[in-house]
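This report refers to the structure that appears directly beneath it.
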Amino acid sequence: MRHLILTLFALAGLCAPPARAQSIQTSVPSAILIDAGTNTVLFEKNADDFQKPASTVKILTAELIFQALAEGNLKLDDQFTVSEYAWRTGGAPAGGSAMFLPLHSNARVEDLLRGLVIQSGNDAAITLAEGFAGSEEAFVMRMNKRAGELGLVKSSFGNPWGKDGPFQKVTAREMAKLAAHIIKTYPQYYGYFGEKEFTWNKIRQQNRNPLLTMSLGADGLKTGNIDKASGYGLIGSAAQEGRRLIVAIYGAKSSKERADEARKLLQWGFRNFEEKELFKAGETVGPAQVYGGTKGSVELTAKDDIRVLLPRGGTERLFGKIVYEGPVLAPVEEGKPVGRLEVKRGNAVVLEQPLQTAESIEQGSLPRRAFDAIYESAAAAIHKKLSGKK
């Protein structure tokens, strides 16, 4: 099997030079802004560099609990006991962010979730981890497994509450991707991130996300900070007039810079882009080569409409390519996932969309399969030679 890339093709001839698409600057070291509806990247700066997540790691902690709730493996009224480790490491004695859970007390899962995402309680994170998985270590294993399932291939996690460590590293791009997944998959629980305050055990706790108090339509997600070395981070989301944007920034020098830069990027995104449809759901995007079938190729389509955001009033040209592992082996079932469409603006990938087969193709006759085998063997030899492999 070879990694095949179809020829680049123009998608939209829409007149500003490419620089207009990213005409804003930010003072933070790492940032990304994406449109949640189309998955278009509107802005990025060092978005694949490793960062210390601090408390933004609690977004993944929440995701595991949301998944368990959605699948019926947990209930909001279930109760977990606060261990001495959770109390001493993440609670009031530790001096960090806490929801002030009393030692050996019991707390409902829903209250712990609110303490996790509103107050950013370290004690809430540890109690959820221990109560759900049996131990913090077991929960961390689930975190990393789940991260892989969600396509967070660069990030890794060492604890559920944000303490720094060699295994605790994320990228802005992957954290924005995680946020988009939560917003889409768990609308019944996402609202916790947007609550401005939470009172538990007569203690009033306010949300640390500064975007919630601005007139942006913000409704999530989390801030994070360990020390000056890590800087201030934020994963945020806002919706205006049916459009939702997600911003991720890391390395701000202060909480004020973090708030100002996140707001600036969101406002710029809402004001300067408009939506463009590239392909309708089910419309042919291009072909993929088939090996050993009754036909030599199969058309690829997208399950949903493929849309992208472009600068308002611009005439910028986008380019697309279909990338897949191939040729595809017959028989081929209709709806089989095959590769992806990549859309580029200049050198930047602004959109990736999974593709699937538009029809079924049966296995071909013996002579046809023999011919394809000879053709593929020759093609593989040429590919190997051109790529310099021995």
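Labels used: A, B, ... for chains in the order of the structure tokens, numbers from 1 for residues in each chain, and numbers from 1 for ligands as shown.
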Inset, instruction - Please provide the set of residues having any atom within 8 Å of segment 64-72 of chain A, restricted to only C-alpha atoms, with same-chain residues fewer than 3 positions apart removed, written as a PyMOL selection string. - result: chain A and resi 60-61+75-76+128+132+143+146+186+189
Include N, CA and C atoms and write out the residues we just selected as a PDB file, in the first residue's frame.
ATOM      1  N   LEU A  60     -10.029  17.585  29.392  1.00  0.00           N
ATOM      2  CA  LEU A  60     -10.031  16.151  29.079  1.00  0.00           C
ATOM      3  C   LEU A  60     -10.570  15.344  30.260  1.00  0.00           C
ATOM      4  N   THR A  61     -10.249  15.747  31.486  1.00  0.00           N
ATOM      5  CA  THR A  61     -10.818  15.081  32.665  1.00  0.00           C
ATOM      6  C   THR A  61     -12.335  15.114  32.590  1.00  0.00           C
ATOM      7  N   LYS A  75     -23.877   8.255  36.853  1.00  0.00           N
ATOM      8  CA  LYS A  75     -25.034   9.122  36.983  1.00  0.00           C
ATOM      9  C   LYS A  75     -24.616  10.393  37.716  1.00  0.00           C
ATOM     10  N   LEU A  76     -25.306  11.483  37.412  1.00  0.00           N
ATOM     11  CA  LEU A  76     -24.967  12.752  38.045  1.00  0.00           C
ATOM     12  C   LEU A  76     -25.133  12.694  39.554  1.00  0.00           C
ATOM     13  N   LEU A 128     -12.824  12.906  41.223  1.00  0.00           N
ATOM     14  CA  LEU A 128     -13.470  12.305  40.063  1.00  0.00           C
ATOM     15  C   LEU A 128     -12.618  11.177  39.488  1.00  0.00           C
ATOM     16  N   PHE A 132     -13.941   7.335  39.681  1.00  0.00           N
ATOM     17  CA  PHE A 132     -14.322   6.699  38.421  1.00  0.00           C
ATOM     18  C   PHE A 132     -13.416   5.538  38.056  1.00  0.00           C
ATOM     19  N   MET A 143      -7.020   8.589  30.310  1.00  0.00           N
ATOM     20  CA  MET A 143      -6.886   9.885  29.642  1.00  0.00           C
ATOM     21  C   MET A 143      -6.064   9.750  28.366  1.00  0.00           C
ATOM     22  N   ARG A 146      -7.912   7.742  25.732  1.00  0.00           N
ATOM     23  CA  ARG A 146      -8.986   8.532  25.151  1.00  0.00           C
ATOM     24  C   ARG A 146      -8.440   9.621  24.229  1.00  0.00           C
ATOM     25  N   TYR A 186     -21.335  16.595  23.516  1.00  0.00           N
ATOM     26  CA  TYR A 186     -21.999  16.617  24.826  1.00  0.00           C
ATOM     27  C   TYR A 186     -22.723  17.938  25.084  1.00  0.00           C
ATOM     28  N   TYR A 189     -24.025  18.526  28.609  1.00  0.00           N
ATOM     29  CA  TYR A 189     -23.108  18.789  29.719  1.00  0.00           C
ATOM     30  C   TYR A 189     -22.213  20.004  29.486  1.00  0.00           C
TER      31      TYR A 189
END
Using only C-alpha atoms, which residues of segment 110-187 of chain A come within 7 Å of segment 81-93 of chain A, and what is the closest atom pair for each, with the distance in Å to one decimal? Give it as JSON lines, sorted by chain and residue number.
{"residue": "A:Asn122", "atom": "CA", "partner": "A:Gly90", "partner_atom": "CA", "distance": 4.5}
{"residue": "A:Asp123", "atom": "CA", "partner": "A:Gly90", "partner_atom": "CA", "distance": 4.1}
{"residue": "A:Ile126", "atom": "CA", "partner": "A:Ala86", "partner_atom": "CA", "distance": 5.4}
{"residue": "A:Thr127", "atom": "CA", "partner": "A:Val82", "partner_atom": "CA", "distance": 5.7}
Legend entry - Neighbour list for Tyr291 of chain A as a PyMOL selection string, cut-off 7 Å, only C-alpha atoms, skip fewer than 3 positions in-chain: chain A and resi 296+327-330+372
Legend entry - Between atom CA of Val338 of chain A and atom CA of Leu300 of chain A - distance in Å to one decimal: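 Rounded to one decimal, the two atoms are 7.6 Å apart.
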Inset, instruction - Would you mind listing what lies within 6 Å of Gly224 of chain A as an MDAnalysis selection string, with only C-alpha atoms counted and same-chain residues fewer than 3 positions away left out? - result: chainID A and resid 54:56 232:233
Store the residues of this selection in a file with N, CA and C atoms, as a short mmCIF file (atom, residue, chain, number, x, y, z; two decimals), in the first residue's frame.
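Final file, again03.cif:
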data_model
loop_
_atom_site.label_atom_id
_atom_site.label_comp_id
_atom_site.auth_asym_id
_atom_site.auth_seq_id
_atom_site.Cartn_x
_atom_site.Cartn_y
_atom_site.Cartn_z
N ALA A 54 -1.34 23.16 32.30
CA ALA A 54 -1.87 23.59 33.59
C ALA A 54 -3.32 23.10 33.72
N SER A 55 -4.22 23.96 34.19
CA SER A 55 -5.59 23.50 34.46
C SER A 55 -6.43 23.29 33.21
N THR A 56 -5.95 23.67 32.03
CA THR A 56 -6.73 23.35 30.83
C THR A 56 -6.81 21.85 30.61
N TYR A 232 0.24 31.96 31.00
CA TYR A 232 -1.20 31.85 31.19
C TYR A 232 -1.84 31.30 29.92
N GLY A 233 -2.67 30.29 30.07
CA GLY A 233 -3.33 29.67 28.93
C GLY A 233 -4.84 29.78 29.03
#
Legend entry - Selected residue, from A:Lys202, A:Gly194, A:Glu110, A:Leu309, that lies nearest to Leu74 of chain A when counting only C-alpha atoms: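 Using only C-alpha atoms, the shortest distance to Leu74 of chain A belongs to A:Glu110.
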Inset, instruction - Give the answer as one residue: which of A:Leu211, A:Val285, A:Leu42, A:Val308 has the shortest atom-to-atom distance to Arg263 of chain A, using only C-alpha atoms? - result: A:Leu211
Inset, instruction - From a DSSP calculation on the backbone, collect every residue of segment 119-338 of chain A in strand (DSSP E) and output the set as an MDAnalysis selection string. - result: chainID A and resid 197:200 203:206 218:225 232:240 243:252 273:279 284:291 297:301 306:311 317:326 328:329 337:338
Legend entry - Exercise: segment 137-141 of chain A partners within 12 Å, only C-alpha atoms, chain neighbours under 3 positions left out, as a VMD selection string: chain A and resid 57 to 58 60 to 62 64 to 65 125 to 134 144 to 148 156 to 162 167 to 168
Legend entry - Residue among A:Ala107, A:Leu216, A:Leu341, A:Ala172 lying closest to Trp268 of chain A, counting only C-alpha atoms: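 Closest residue, counting only C-alpha atoms: A:Leu216.
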Inset, instruction - Work out how far atom CA of Lys45 of chain A is from atom CA of Ala238 of chain A, in Å to one decimal. - result: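 Here the two named atoms are 19.9 Å from each other.
Minimum atom-to-atom distance to Val332 of chain A, evaluated using only C-alpha atoms, belongs to A:Gly292 out of A:Pro29, A:Gly165, A:Gly292, A:Gly231.
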Legend entry - Point-to-point distance in Å for atom CA of Leu152 of chain A and atom CA of Leu178 of chain A: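 Those two atoms sit 7.8 Å apart.
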Inset, instruction - May I have all residues of segment 262-363 of chain A that DSSP, computed from the backbone, assigns to helix (DSSP H, G or I), given as a ChimeraX atom specification? - result: /A:262-272
With N, CA and C atoms retained, could you export that selection as a short mmCIF file (atom, residue, chain, number, x, y, z; two decimals), in the first residue's frame?
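Done, and the output landed in out.cif:
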data_model
loop_
_atom_site.label_atom_id
_atom_site.label_comp_id
_atom_site.auth_asym_id
_atom_site.auth_seq_id
_atom_site.Cartn_x
_atom_site.Cartn_y
_atom_site.Cartn_z
N ALA A 262 -7.20 36.76 23.74
CA ALA A 262 -8.28 35.85 23.38
C ALA A 262 -9.48 36.63 22.84
N ARG A 263 -9.81 37.72 23.49
CA ARG A 263 -10.92 38.55 23.02
C ARG A 263 -10.63 39.12 21.65
N LYS A 264 -9.40 39.61 21.44
CA LYS A 264 -9.03 40.21 20.16
C LYS A 264 -9.18 39.21 19.02
N LEU A 265 -8.72 37.98 19.23
CA LEU A 265 -8.79 36.97 18.18
C LEU A 265 -10.25 36.60 17.88
N LEU A 266 -11.06 36.45 18.90
CA LEU A 266 -12.46 36.10 18.68
C LEU A 266 -13.19 37.22 17.93
N GLN A 267 -12.99 38.45 18.35
CA GLN A 267 -13.65 39.57 17.68
C GLN A 267 -13.22 39.66 16.21
N TRP A 268 -11.94 39.47 15.96
CA TRP A 268 -11.44 39.50 14.58
C TRP A 268 -12.06 38.40 13.74
N GLY A 269 -12.17 37.22 14.32
CA GLY A 269 -12.75 36.09 13.59
C GLY A 269 -14.20 36.32 13.22
N PHE A 270 -14.98 36.85 14.15
CA PHE A 270 -16.39 37.08 13.88
C PHE A 270 -16.60 38.18 12.84
N ARG A 271 -15.74 39.17 12.82
CA ARG A 271 -15.94 40.33 11.95
C ARG A 271 -15.42 40.14 10.53
N ASN A 272 -14.44 39.28 10.33
CA ASN A 272 -13.69 39.31 9.08
C ASN A 272 -13.85 38.11 8.17
#
Env of Tyr192 of chain A: 8 Å cut, atoms = only C-alpha atoms, seq-sep filter 3 positions within chain, self excluded. Answer as a PDB file with N, CA and C atoms, in the first residue's frame.
ATOM      1  N   LEU A 113     -18.241  17.934  39.022  1.00  0.00           N
ATOM      2  CA  LEU A 113     -18.042  18.484  37.678  1.00  0.00           C
ATOM      3  C   LEU A 113     -18.070  20.009  37.709  1.00  0.00           C
ATOM      4  N   ARG A 114     -19.035  20.566  38.441  1.00  0.00           N
ATOM      5  CA  ARG A 114     -19.103  22.029  38.544  1.00  0.00           C
ATOM      6  C   ARG A 114     -17.865  22.577  39.245  1.00  0.00           C
ATOM      7  N   VAL A 117     -14.933  22.465  36.516  1.00  0.00           N
ATOM      8  CA  VAL A 117     -14.874  23.359  35.362  1.00  0.00           C
ATOM      9  C   VAL A 117     -15.179  24.815  35.700  1.00  0.00           C
ATOM     10  N   ILE A 118     -15.863  25.072  36.822  1.00  0.00           N
ATOM     11  CA  ILE A 118     -16.159  26.452  37.203  1.00  0.00           C
ATOM     12  C   ILE A 118     -15.075  26.993  38.122  1.00  0.00           C
ATOM     13  N   TYR A 189     -24.025  18.526  28.609  1.00  0.00           N
ATOM     14  CA  TYR A 189     -23.108  18.789  29.719  1.00  0.00           C
ATOM     15  C   TYR A 189     -22.213  20.004  29.486  1.00  0.00           C
ATOM     16  N   GLU A 195     -21.274  28.379  33.203  1.00  0.00           N
ATOM     17  CA  GLU A 195     -21.850  28.908  34.438  1.00  0.00           C
ATOM     18  C   GLU A 195     -20.857  29.867  35.102  1.00  0.00           C
TER      19      GLU A 195
END
